[in-house]
>>> print(open('entry-v9.cif').read())   # mmCIF, C-alpha atoms and all ligand atoms
data_target
#
loop_
_atom_site.label_atom_id
_atom_site.label_comp_id
_atom_site.auth_asym_id
_atom_site.auth_seq_id
_atom_site.Cartn_x
_atom_site.Cartn_y
_atom_site.Cartn_z
CA MET R 738 19.37 30.71 5.72
CA SER R 739 17.92 32.10 2.50
CA LYS R 740 19.86 30.01 -0.01
CA CYS R 741 18.98 26.39 -0.61
CA ILE R 742 21.99 24.30 0.35
CA CYS R 743 20.41 20.89 -0.27
CA LYS R 744 20.22 19.01 -3.57
CA GLU R 745 17.74 20.65 -5.95
CA ASN R 746 15.70 17.45 -6.23
CA ILE R 747 14.77 17.55 -2.57
CA LEU R 748 12.57 20.58 -3.16
CA LYS R 749 10.48 18.67 -5.72
CA VAL R 750 9.30 16.32 -2.98
CA THR R 751 6.38 17.20 -0.71
CA PRO R 752 6.79 15.66 2.74
CA TYR R 753 4.41 12.68 3.06
CA GLN R 754 1.08 13.63 4.62
CA PRO R 755 0.11 10.86 7.02
CA GLY R 756 -3.48 10.45 8.23
CA ARG R 757 -4.02 12.65 11.33
CA PRO R 758 -3.46 10.83 14.64
CA ILE R 759 -6.59 10.23 16.74
CA ALA R 760 -5.15 11.97 19.83
CA ASP R 761 -4.46 15.11 17.81
CA VAL R 762 -8.02 15.35 16.47
CA LYS R 763 -9.53 14.64 19.92
CA LYS R 764 -7.54 17.52 21.39
CA ASP R 765 -8.25 19.94 18.54
CA TYR R 766 -12.03 19.54 18.62
CA GLY R 767 -12.55 18.44 22.25
CA LEU R 768 -13.98 15.07 21.18
CA ASP R 769 -14.16 11.84 23.21
CA ASN R 770 -14.89 9.51 20.35
CA VAL R 771 -12.76 9.66 17.20
CA VAL R 772 -12.63 7.03 14.50
CA LYS R 773 -9.69 6.94 12.09
CA LEU R 774 -10.42 5.52 8.67
CA ALA R 775 -7.64 7.41 6.91
CA SER R 776 -4.61 5.14 6.60
CA ASN R 777 -5.96 1.72 5.59
CA GLU R 778 -4.94 0.31 8.96
CA ASN R 779 -6.29 -2.96 10.29
CA PRO R 780 -9.40 -2.31 12.43
CA LEU R 781 -8.99 -5.72 14.11
CA GLY R 782 -5.43 -4.98 15.24
CA CYS R 783 -3.04 -7.88 14.80
CA SER R 784 -3.01 -11.58 15.65
CA PRO R 785 -3.21 -12.14 19.45
CA ARG R 786 -0.47 -14.72 18.97
CA VAL R 787 1.89 -11.93 17.85
CA ILE R 788 1.25 -9.97 21.04
CA ASP R 789 2.04 -12.98 23.25
CA LYS R 790 5.19 -13.68 21.33
CA ILE R 791 6.39 -10.07 21.53
CA LYS R 792 5.79 -9.88 25.29
CA ASN R 793 8.09 -12.86 25.67
CA SER R 794 10.81 -11.34 23.49
CA LEU R 795 11.50 -8.11 25.34
CA ASP R 796 14.70 -9.39 26.95
CA GLU R 797 16.44 -9.23 23.56
CA LEU R 798 16.49 -5.45 23.26
CA ALA R 799 20.24 -5.10 23.88
CA ILE R 800 21.10 -7.34 20.95
CA TYR R 801 21.36 -6.16 17.32
CA PRO R 802 18.74 -7.66 15.02
CA ASP R 803 19.64 -10.40 12.53
CA GLY R 804 20.57 -8.16 9.60
CA ALA R 805 19.84 -10.94 7.11
CA CYS R 806 16.42 -11.81 8.63
CA LEU R 807 17.24 -15.51 8.18
CA ALA R 808 14.46 -17.03 10.29
CA LEU R 809 11.80 -14.87 8.66
CA LYS R 810 13.12 -15.62 5.17
CA ASP R 811 12.89 -19.34 6.00
CA GLU R 812 9.21 -18.95 6.90
CA ILE R 813 8.43 -16.89 3.82
CA SER R 814 10.34 -19.30 1.61
CA LYS R 815 8.25 -22.21 2.92
CA LYS R 816 4.94 -20.40 2.82
CA PHE R 817 5.38 -19.03 -0.71
CA ASN R 818 7.44 -21.91 -2.07
CA ILE R 819 10.20 -19.64 -3.30
CA SER R 820 13.98 -19.64 -2.95
CA LYS R 821 15.43 -17.62 -0.04
CA ASP R 822 17.79 -15.66 -2.28
CA MET R 823 14.75 -14.22 -4.05
CA ILE R 824 13.41 -12.55 -0.87
CA ALA R 825 14.16 -9.10 0.57
CA ILE R 826 12.91 -7.86 3.95
CA SER R 827 12.55 -4.13 4.55
CA SER R 828 11.40 -1.63 7.11
CA GLY R 829 7.94 -1.47 5.58
CA SER R 830 7.29 -1.35 1.85
CA ASP R 831 8.12 2.32 2.22
CA GLU R 832 11.78 1.45 2.66
CA ILE R 833 11.91 -0.90 -0.31
CA ILE R 834 10.24 1.72 -2.52
CA ASP R 835 12.95 4.13 -1.45
CA LEU R 836 15.73 1.56 -1.97
CA ILE R 837 14.46 0.62 -5.43
CA SER R 838 14.57 4.26 -6.48
CA LYS R 839 18.00 4.70 -4.92
CA VAL R 840 19.40 1.63 -6.69
CA PHE R 841 17.79 2.03 -10.12
CA ILE R 842 17.04 5.70 -10.76
CA ASP R 843 19.68 8.12 -11.98
CA LYS R 844 19.32 11.74 -13.02
CA ASP R 845 16.85 12.13 -15.94
CA ASP R 846 15.81 8.46 -16.02
CA GLU R 847 12.12 8.10 -16.82
CA VAL R 848 9.92 6.43 -14.25
CA ILE R 849 6.42 5.44 -15.36
CA MET R 850 3.48 5.41 -12.96
CA ALA R 851 -0.29 5.96 -12.91
CA SER R 852 -1.90 9.36 -12.33
CA VAL R 853 -3.75 8.43 -9.15
CA THR R 854 -1.76 5.90 -7.18
CA PHE R 855 0.55 5.58 -4.18
CA VAL R 856 2.40 8.93 -3.91
CA ARG R 857 5.75 7.51 -2.84
CA TYR R 858 6.50 6.25 -6.37
CA ASN R 859 6.53 9.84 -7.58
CA ASP R 860 8.30 11.30 -4.55
CA THR R 861 11.17 8.79 -4.55
CA ALA R 862 11.66 9.22 -8.33
CA ASN R 863 12.08 12.96 -7.78
CA LEU R 864 14.34 12.37 -4.82
CA PHE R 865 16.91 10.67 -7.05
CA GLY R 866 16.58 13.04 -10.00
CA GLY R 867 14.28 10.80 -12.08
CA LYS R 868 11.49 12.11 -14.30
CA PRO R 869 8.03 10.81 -13.39
CA VAL R 870 6.01 9.94 -16.51
CA ILE R 871 2.36 9.93 -15.54
CA VAL R 872 -0.19 7.73 -17.33
CA PRO R 873 -3.83 8.58 -16.54
CA LEU R 874 -6.06 5.89 -15.05
CA GLU R 875 -9.03 4.87 -17.22
CA GLU R 876 -12.29 4.67 -15.29
CA TRP R 877 -10.02 4.64 -12.22
CA ARG R 878 -8.23 1.51 -13.49
CA TYR R 879 -4.62 1.09 -14.57
CA ASN R 880 -4.18 1.53 -18.32
CA LEU R 881 -1.45 -1.05 -18.98
CA ASP R 882 -1.47 -0.39 -22.74
CA GLY R 883 -0.98 3.31 -22.07
CA ILE R 884 1.88 2.49 -19.71
CA TYR R 885 3.47 0.21 -22.30
CA ASN R 886 3.14 2.89 -24.98
CA SER R 887 4.91 5.40 -22.71
CA ILE R 888 8.11 3.35 -22.64
CA THR R 889 11.12 5.09 -24.24
CA GLU R 890 14.82 4.29 -24.31
CA ASN R 891 15.12 6.36 -21.12
CA THR R 892 12.59 4.33 -19.12
CA LYS R 893 14.15 2.73 -16.07
CA VAL R 894 11.37 1.73 -13.69
CA ILE R 895 7.61 1.08 -14.04
CA TRP R 896 5.39 1.10 -10.94
CA LEU R 897 2.22 -0.98 -10.80
CA CYS R 898 -0.10 -1.08 -7.79
CA ASN R 899 -2.63 -3.93 -7.69
CA PRO R 900 -5.14 -3.47 -6.07
CA ASN R 901 -4.51 0.22 -6.58
CA ASN R 902 -4.35 2.61 -3.65
CA PRO R 903 -6.54 4.76 -3.49
CA THR R 904 -9.03 3.51 -6.09
CA GLY R 905 -9.18 -0.17 -5.01
CA THR R 906 -9.30 -1.31 -8.66
CA ILE R 907 -7.36 -4.28 -10.06
CA PHE R 908 -6.00 -5.69 -13.27
CA SER R 909 -6.14 -9.42 -13.98
CA GLU R 910 -3.48 -12.10 -14.03
CA GLU R 911 -3.83 -12.30 -17.81
CA GLU R 912 -3.34 -8.55 -18.16
CA VAL R 913 -0.21 -8.47 -16.01
CA ILE R 914 1.35 -11.46 -17.80
CA ASN R 915 0.66 -9.98 -21.24
CA PHE R 916 2.25 -6.77 -20.03
CA LEU R 917 5.35 -8.47 -18.61
CA LYS R 918 5.85 -10.41 -21.85
CA LYS R 919 6.15 -7.16 -23.80
CA VAL R 920 8.25 -4.97 -21.48
CA PRO R 921 11.98 -4.91 -22.34
CA GLU R 922 14.10 -6.85 -19.85
CA ASP R 923 16.27 -3.88 -18.91
CA ILE R 924 13.32 -2.03 -17.36
CA LEU R 925 12.43 -2.90 -13.78
CA VAL R 926 8.71 -3.54 -13.24
CA VAL R 927 7.66 -3.12 -9.61
CA TYR R 928 4.37 -4.75 -8.71
CA ASP R 929 3.13 -3.47 -5.34
CA GLU R 930 0.44 -5.71 -3.86
CA ALA R 931 0.10 -4.20 -0.39
CA TYR R 932 -3.62 -5.09 -0.42
CA ALA R 933 -3.47 -8.53 -2.10
CA GLU R 934 -4.94 -10.34 0.91
CA TYR R 935 -8.21 -8.39 0.55
CA ALA R 936 -8.85 -9.08 -3.13
CA GLU R 937 -12.15 -10.84 -3.75
CA SER R 938 -12.26 -11.09 -7.56
CA LYS R 939 -11.39 -14.43 -9.17
CA LYS R 940 -9.48 -12.49 -11.82
CA TYR R 941 -7.00 -11.16 -9.26
CA PRO R 942 -3.51 -12.74 -9.67
CA LYS R 943 -3.22 -15.16 -6.76
CA ASN R 944 0.43 -16.17 -7.22
CA SER R 945 2.07 -13.08 -8.64
CA HIS R 946 5.13 -13.73 -6.47
CA LYS R 947 5.86 -16.83 -8.58
CA LEU R 948 6.14 -14.64 -11.68
CA VAL R 949 9.55 -13.42 -10.48
CA GLU R 950 10.90 -16.89 -11.34
CA LYS R 951 10.02 -16.24 -14.96
CA TYR R 952 10.49 -12.49 -15.34
CA ASN R 953 13.96 -11.41 -14.16
CA ASN R 954 13.01 -7.73 -14.28
CA LEU R 955 10.00 -8.06 -11.96
CA MET R 956 9.89 -7.18 -8.27
CA VAL R 957 6.79 -8.02 -6.19
CA LEU R 958 6.20 -6.04 -2.97
CA LYS R 959 4.15 -7.23 -0.01
CA THR R 960 3.70 -5.82 3.47
CA PHE R 961 2.80 -6.77 7.03
CA SER R 962 1.21 -3.34 7.58
CA LYS R 963 -2.24 -3.93 6.17
CA ALA R 964 -3.97 -7.34 6.45
CA TYR R 965 -1.49 -8.55 9.10
CA GLY R 966 -2.04 -5.41 11.20
CA LEU R 967 1.62 -4.70 12.00
CA ALA R 968 1.95 -1.15 10.63
CA ALA R 969 3.67 0.12 13.79
CA PHE R 970 6.52 -2.37 13.41
CA ARG R 971 7.44 -1.23 9.86
CA ILE R 972 8.06 -4.50 8.06
CA GLY R 973 7.55 -5.55 4.45
CA TYR R 974 8.83 -8.31 2.16
CA SER R 975 9.46 -8.59 -1.52
CA PHE R 976 10.39 -11.08 -4.21
CA ALA R 977 12.73 -10.72 -7.19
CA HIS R 978 15.57 -12.35 -9.12
CA PRO R 979 18.63 -12.95 -6.84
CA ASN R 980 20.59 -10.25 -8.71
CA ILE R 981 18.00 -7.61 -7.89
CA ILE R 982 17.91 -8.74 -4.26
CA SER R 983 21.72 -8.46 -4.12
CA TYR R 984 21.62 -4.86 -5.45
CA ILE R 985 19.10 -3.97 -2.75
CA ASN R 986 21.29 -5.62 -0.09
CA ARG R 987 24.18 -3.34 -1.04
CA ALA R 988 22.07 -0.21 -0.60
CA ARG R 989 20.15 -0.99 2.58
CA GLY R 990 21.23 -0.30 6.15
CA PRO R 991 22.98 -3.25 7.84
CA PHE R 992 20.18 -3.70 10.43
CA ASN R 993 17.23 -2.21 8.58
CA VAL R 994 14.55 -4.41 10.17
CA ASN R 995 14.25 -4.53 13.96
CA SER R 996 14.21 -7.81 15.91
CA LEU R 997 10.70 -7.51 17.31
CA ALA R 998 9.30 -6.87 13.84
CA GLN R 999 11.00 -10.03 12.56
CA ILE R 1000 9.58 -12.09 15.44
CA ALA R 1001 6.11 -10.59 14.95
CA ALA R 1002 6.15 -11.26 11.21
CA ILE R 1003 7.01 -14.95 11.64
CA GLU R 1004 4.13 -15.42 14.07
CA ALA R 1005 1.73 -13.39 11.91
CA LEU R 1006 2.47 -15.48 8.81
CA ASN R 1007 1.34 -18.58 10.65
CA ASP R 1008 -1.99 -17.31 11.93
CA ASP R 1009 -4.33 -18.04 9.03
CA ASP R 1010 -7.39 -17.82 11.29
CA PHE R 1011 -6.67 -14.18 12.02
CA LEU R 1012 -6.19 -13.41 8.32
CA LYS R 1013 -9.53 -15.06 7.57
CA LYS R 1014 -11.29 -12.88 10.16
CA VAL R 1015 -9.69 -9.79 8.67
CA TYR R 1016 -10.87 -10.74 5.18
CA GLU R 1017 -14.42 -11.48 6.34
CA ASN R 1018 -14.71 -8.26 8.34
CA ASN R 1019 -13.56 -6.33 5.28
CA ILE R 1020 -16.11 -8.00 2.98
CA GLU R 1021 -18.95 -7.32 5.43
CA GLY R 1022 -17.91 -3.67 5.80
CA LYS R 1023 -17.43 -3.21 2.08
CA TYR R 1024 -20.92 -4.37 1.15
CA TYR R 1025 -22.45 -2.37 4.00
CA LEU R 1026 -20.74 0.79 2.73
CA TYR R 1027 -21.75 0.08 -0.90
CA GLU R 1028 -25.37 -0.23 0.25
CA GLU R 1029 -25.28 2.99 2.26
CA PHE R 1030 -23.54 4.88 -0.57
CA ASP R 1031 -26.23 3.60 -2.96
CA LYS R 1032 -28.99 4.86 -0.64
CA LEU R 1033 -27.30 8.27 -0.48
CA GLY R 1034 -26.77 8.37 -4.25
CA ILE R 1035 -23.00 8.57 -3.78
CA GLU R 1036 -20.84 7.44 -6.68
CA TYR R 1037 -18.10 5.00 -5.66
CA THR R 1038 -15.59 2.67 -7.26
CA LYS R 1039 -15.91 -1.08 -6.52
CA SER R 1040 -12.93 -2.03 -4.37
CA GLU R 1041 -10.76 -5.12 -4.13
CA ALA R 1042 -8.87 -3.61 -1.19
CA ASN R 1043 -9.67 -2.37 2.34
CA HIS R 1044 -10.70 1.12 1.27
CA ILE R 1045 -13.33 2.73 -0.95
CA PHE R 1046 -12.83 5.67 -3.28
CA PHE R 1047 -15.95 7.82 -3.65
CA LYS R 1048 -17.15 11.03 -5.21
CA LEU R 1049 -19.23 13.87 -3.78
CA ASP R 1050 -20.70 17.01 -5.30
CA ARG R 1051 -18.85 18.84 -2.57
CA ASN R 1052 -15.27 19.97 -2.08
CA ALA R 1053 -13.39 16.99 -0.66
CA GLN R 1054 -11.14 19.06 1.60
CA GLU R 1055 -14.18 20.77 3.16
CA VAL R 1056 -15.99 17.49 3.77
CA PHE R 1057 -12.80 16.06 5.27
CA ILE R 1058 -12.64 18.95 7.77
CA GLU R 1059 -16.37 18.80 8.60
CA LEU R 1060 -16.15 15.05 9.24
CA GLN R 1061 -13.13 15.56 11.47
CA LYS R 1062 -15.06 18.03 13.62
CA LYS R 1063 -17.57 15.22 14.19
CA GLY R 1064 -14.88 12.66 15.04
CA VAL R 1065 -14.27 10.86 11.74
CA ILE R 1066 -10.88 11.03 10.00
CA ILE R 1067 -10.82 9.96 6.35
CA ARG R 1068 -8.69 11.18 3.44
CA PRO R 1069 -9.37 13.70 0.68
CA ILE R 1070 -7.75 12.57 -2.58
CA LEU R 1071 -8.84 14.80 -5.47
CA GLU R 1072 -11.06 17.88 -5.69
CA ASN R 1073 -14.28 15.86 -5.27
CA HIS R 1074 -12.99 12.44 -4.31
CA LEU R 1075 -12.23 10.94 -0.92
CA ARG R 1076 -11.02 7.59 0.33
CA VAL R 1077 -12.41 5.83 3.39
CA SER R 1078 -10.75 2.80 4.95
CA ILE R 1079 -13.11 -0.04 5.83
CA GLY R 1080 -13.30 -0.35 9.63
CA THR R 1081 -15.16 -2.52 12.10
CA MET R 1082 -18.93 -2.48 11.59
CA ASP R 1083 -19.29 -0.01 14.48
CA GLU R 1084 -16.76 2.31 12.87
CA ASN R 1085 -18.39 2.01 9.44
CA LYS R 1086 -21.80 2.88 10.93
CA PHE R 1087 -20.35 5.84 12.82
CA PHE R 1088 -18.78 7.11 9.60
CA ILE R 1089 -22.05 6.83 7.66
CA GLU R 1090 -23.99 8.56 10.45
CA LYS R 1091 -21.54 11.49 10.45
CA LEU R 1092 -21.33 11.64 6.66
CA LYS R 1093 -25.13 11.98 6.50
CA GLU R 1094 -24.96 14.87 8.99
CA VAL R 1095 -22.24 16.63 6.97
CA LEU R 1096 -24.10 16.20 3.68
CA LYS R 1097 -27.30 17.63 5.23
CA ASP R 1098 -25.52 20.81 6.44
C1 LIG R 1101 0.38 1.20 2.71
C2 LIG R 1101 1.08 1.01 1.43
C3 LIG R 1101 2.44 0.72 1.37
C4 LIG R 1101 3.32 0.93 2.54
O1 LIG R 1101 3.34 -0.08 3.36
P1 LIG R 1101 4.39 -0.13 4.55
O2 LIG R 1101 4.81 -1.55 4.49
O3 LIG R 1101 3.62 0.23 5.77
O4 LIG R 1101 5.52 0.82 4.32
C5 LIG R 1101 3.01 0.40 0.16
N1 LIG R 1101 2.29 0.44 -0.96
C6 LIG R 1101 1.01 0.79 -0.95
C7 LIG R 1101 0.27 0.86 -2.24
C8 LIG R 1101 0.36 1.09 0.24
O5 LIG R 1101 -0.90 1.50 0.23
#
>>> encode(input="entry-v9.cif", output="structure tokens")
Amino acid sequence: MSKCICKENILKVTPYQPGRPIADVKKDYGLDNVVKLASNENPLGCSPRVIDKIKNSLDELAIYPDGACLALKDEISKKFNISKDMIAISSGSDEIIDLISKVFIDKDDEVIMASVTFVRYNDTANLFGGKPVIVPLEEWRYNLDGIYNSITENTKVIWLCNPNNPTGTIFSEEEVINFLKKVPEDILVVYDEAYAEYAESKKYPKNSHKLVEKYNNLMVLKTFSKAYGLAAFRIGYSFAHPNIISYINRARGPFNVNSLAQIAAIEALNDDDFLKKVYENNIEGKYYLYEEFDKLGIEYTKSEANHIFFKLDRNAQEVFIELQKKGVIIRPILENHLRVSIGTMDENKFFIEKLKEVLKD
């Protein structure tokens, strides 16, 4: 077939490039030991309580999931002290990002986002015929004034990512509130905090989900894929005004979140000890990597997330390939910048050892 028979917009989207699977890299290079620090996954796995619970739930596979996710919404409502009609559950944040674009973005609508941020904001805007308006980061941080100044009468959606993937930088509670106060009410502001649980700075907004009670045009996205270690299950949750939640409910599939994911999420929300371990492991790994980068004279950006963005004098794609040959998968981002996820201490040390070898070659 030589002629394109799909919608024109589809061709503007590059298929998402996931981090390479470990098995694939082992096979390609004949390696026994491969460490993946490419997808910001949880190096500690998930709560052991989740695994027990799931093992005891396998007799429910013939039954459709609860399409409304009632039990999980109850838990979230209690934990976050927020009304149930202000909660949406999705098959990962990925699905809600897609649904938001589907529900809000029409042909030629402008969609504002940062230059170096999560790629799905751009891809889903293109998918629905929107026009991405790109505002450069400043010193790898969001420029909220620049974003505000880019608003026109055609602006429909604004994407904010805090902490930002891949740079790990944040903006403060004060900054986000000042921004929300100014943005016209008919523009949806999406605030993606996939990495909130890792933030260390006192300036980081601790209760951003409560802002949806005040700002009717705000949607806050959270996920079970990162700190809770449930990426395989595909489950995320978000908060917004009941009207916004009702629009999303019209557009989603009737059973968009599987039963086991719902059961796992409820258990995960209640294991604070596990979350604490995850946070502490991340802090230990972060400061270890800072120290090693300092010793090697590598420039990096201080991170409030579970990954570090760093710069080399070498081509990032080349370094990425050389590291892979030695059993370390990370992610090239820009010409000279890469992102490494923070792993267990053993994984972090293995990464540094192999990075030193590559830089010597
Ligand atoms: C990982 C990530 C997501 C996707 O999370 P899922 O819930 O696994 O779909 C969303 N936003 C950002 C910024 C992420 O880094």
>>> residues_near_ligand(input="entry-v9.cif", ligand="ligand LIG 1101 (chain R)", cutoff="8 Å", atoms="only C-alpha atoms and all ligand atoms", output="short mmCIF file (atom, residue, chain, number, x, y, z; two decimals) with C-alpha atoms, keeping the file's coordinate frame")
data_model
loop_
_atom_site.label_atom_id
_atom_site.label_comp_id
_atom_site.auth_asym_id
_atom_site.auth_seq_id
_atom_site.Cartn_x
_atom_site.Cartn_y
_atom_site.Cartn_z
CA SER R 776 -4.61 5.14 6.60
CA ASN R 777 -5.96 1.72 5.59
CA SER R 828 11.40 -1.63 7.11
CA GLY R 829 7.94 -1.47 5.58
CA SER R 830 7.29 -1.35 1.85
CA ASP R 831 8.12 2.32 2.22
CA GLU R 832 11.78 1.45 2.66
CA ILE R 834 10.24 1.72 -2.52
CA THR R 854 -1.76 5.90 -7.18
CA PHE R 855 0.55 5.58 -4.18
CA CYS R 898 -0.10 -1.08 -7.79
CA ASN R 899 -2.63 -3.93 -7.69
CA PRO R 900 -5.14 -3.47 -6.07
CA ASN R 901 -4.51 0.22 -6.58
CA ASN R 902 -4.35 2.61 -3.65
CA PRO R 903 -6.54 4.76 -3.49
CA ASP R 929 3.13 -3.47 -5.34
CA GLU R 930 0.44 -5.71 -3.86
CA ALA R 931 0.10 -4.20 -0.39
CA TYR R 932 -3.62 -5.09 -0.42
CA LEU R 958 6.20 -6.04 -2.97
CA LYS R 959 4.15 -7.23 -0.01
CA THR R 960 3.70 -5.82 3.47
CA PHE R 961 2.80 -6.77 7.03
CA SER R 962 1.21 -3.34 7.58
CA LYS R 963 -2.24 -3.93 6.17
CA ALA R 968 1.95 -1.15 10.63
CA ARG R 971 7.44 -1.23 9.86
CA ILE R 972 8.06 -4.50 8.06
CA GLY R 973 7.55 -5.55 4.45
#
>>> closest_residue(input="entry-v9.cif", among="R:Val927, R:Met850, R:Ala936, R:Leu1006", to="R:Lys815", atoms="only C-alpha atoms")
R:Leu1006
>>> residues_around(input="entry-v9.cif", residues="R:Leu795", least_positions_apart="2", cutoff="12 Å", atoms="all atoms listed in the file", output="JSON, numbers by chain")
{"R": [788, 789, 790, 791, 792, 793, 797, 798, 799, 800, 996, 997, 998, 1000, 1001]}
>>> residues_around(input="entry-v9.cif", residues="R:Pro921", least_positions_apart="5", cutoff="10 Å", atoms="all atoms listed in the file", output="list of chain:residue names")
R:Tyr885, R:Ile888, R:Glu890, R:Thr892, R:Val926, R:Asn954
>>> residues_around(input="entry-v9.cif", residues="stretch 859-866 of chain R", least_positions_apart="5", cutoff="12 Å", atoms="only C-alpha atoms", output="PyMOL selection string")
chain R and resi 743-754+831-854+871+892-896
>>> residues_near_point(input="entry-v9.cif", point="(-5.3, 0.2, 9.6)", cutoff="10 Å", atoms="all atoms listed in the file", output="list in words")
Lys773, Leu774, Ala775, Ser776, Asn777, Glu778, Asn779, Pro780, Leu781, Gly782, Cys783, Ser962, Lys963, Ala964, Tyr965, Gly966, Leu967, Ala968, Ala969, Asn1043, His1044, Ser1078, Ile1079 and Gly1080 of chain R
>>> residues_around(input="entry-v9.cif", residues="stretch 1029-1031 of chain R", least_positions_apart="6", cutoff="9 Å", atoms="only C-alpha atoms", output="list of chain:residue names")
R:Tyr1037, R:Phe1047, R:Ile1089
>>> residues_around(input="entry-v9.cif", residues="R:Ile1020", least_positions_apart="4", cutoff="9 Å", atoms="all atoms listed in the file", output="VMD selection string")
chain R and resid 935 937 1015 to 1016 1024 to 1025 1043 1079
>>> closest_residue(input="entry-v9.cif", among="R:Tyr766, R:Phe1087, R:Tyr858, R:Phe1011", to="R:Glu934", atoms="all atoms listed in the file")
R:Phe1011
>>> axis_aligned_box(input="entry-v9.cif", around="stretch 792-809 of chain R", padding_each_side="3 Å", output="AutoDock Vina command-line options")
--center_x 13.6 --center_y -11.1 --center_z 17.0 --size_x 21.6 --size_y 17.9 --size_z 25.8
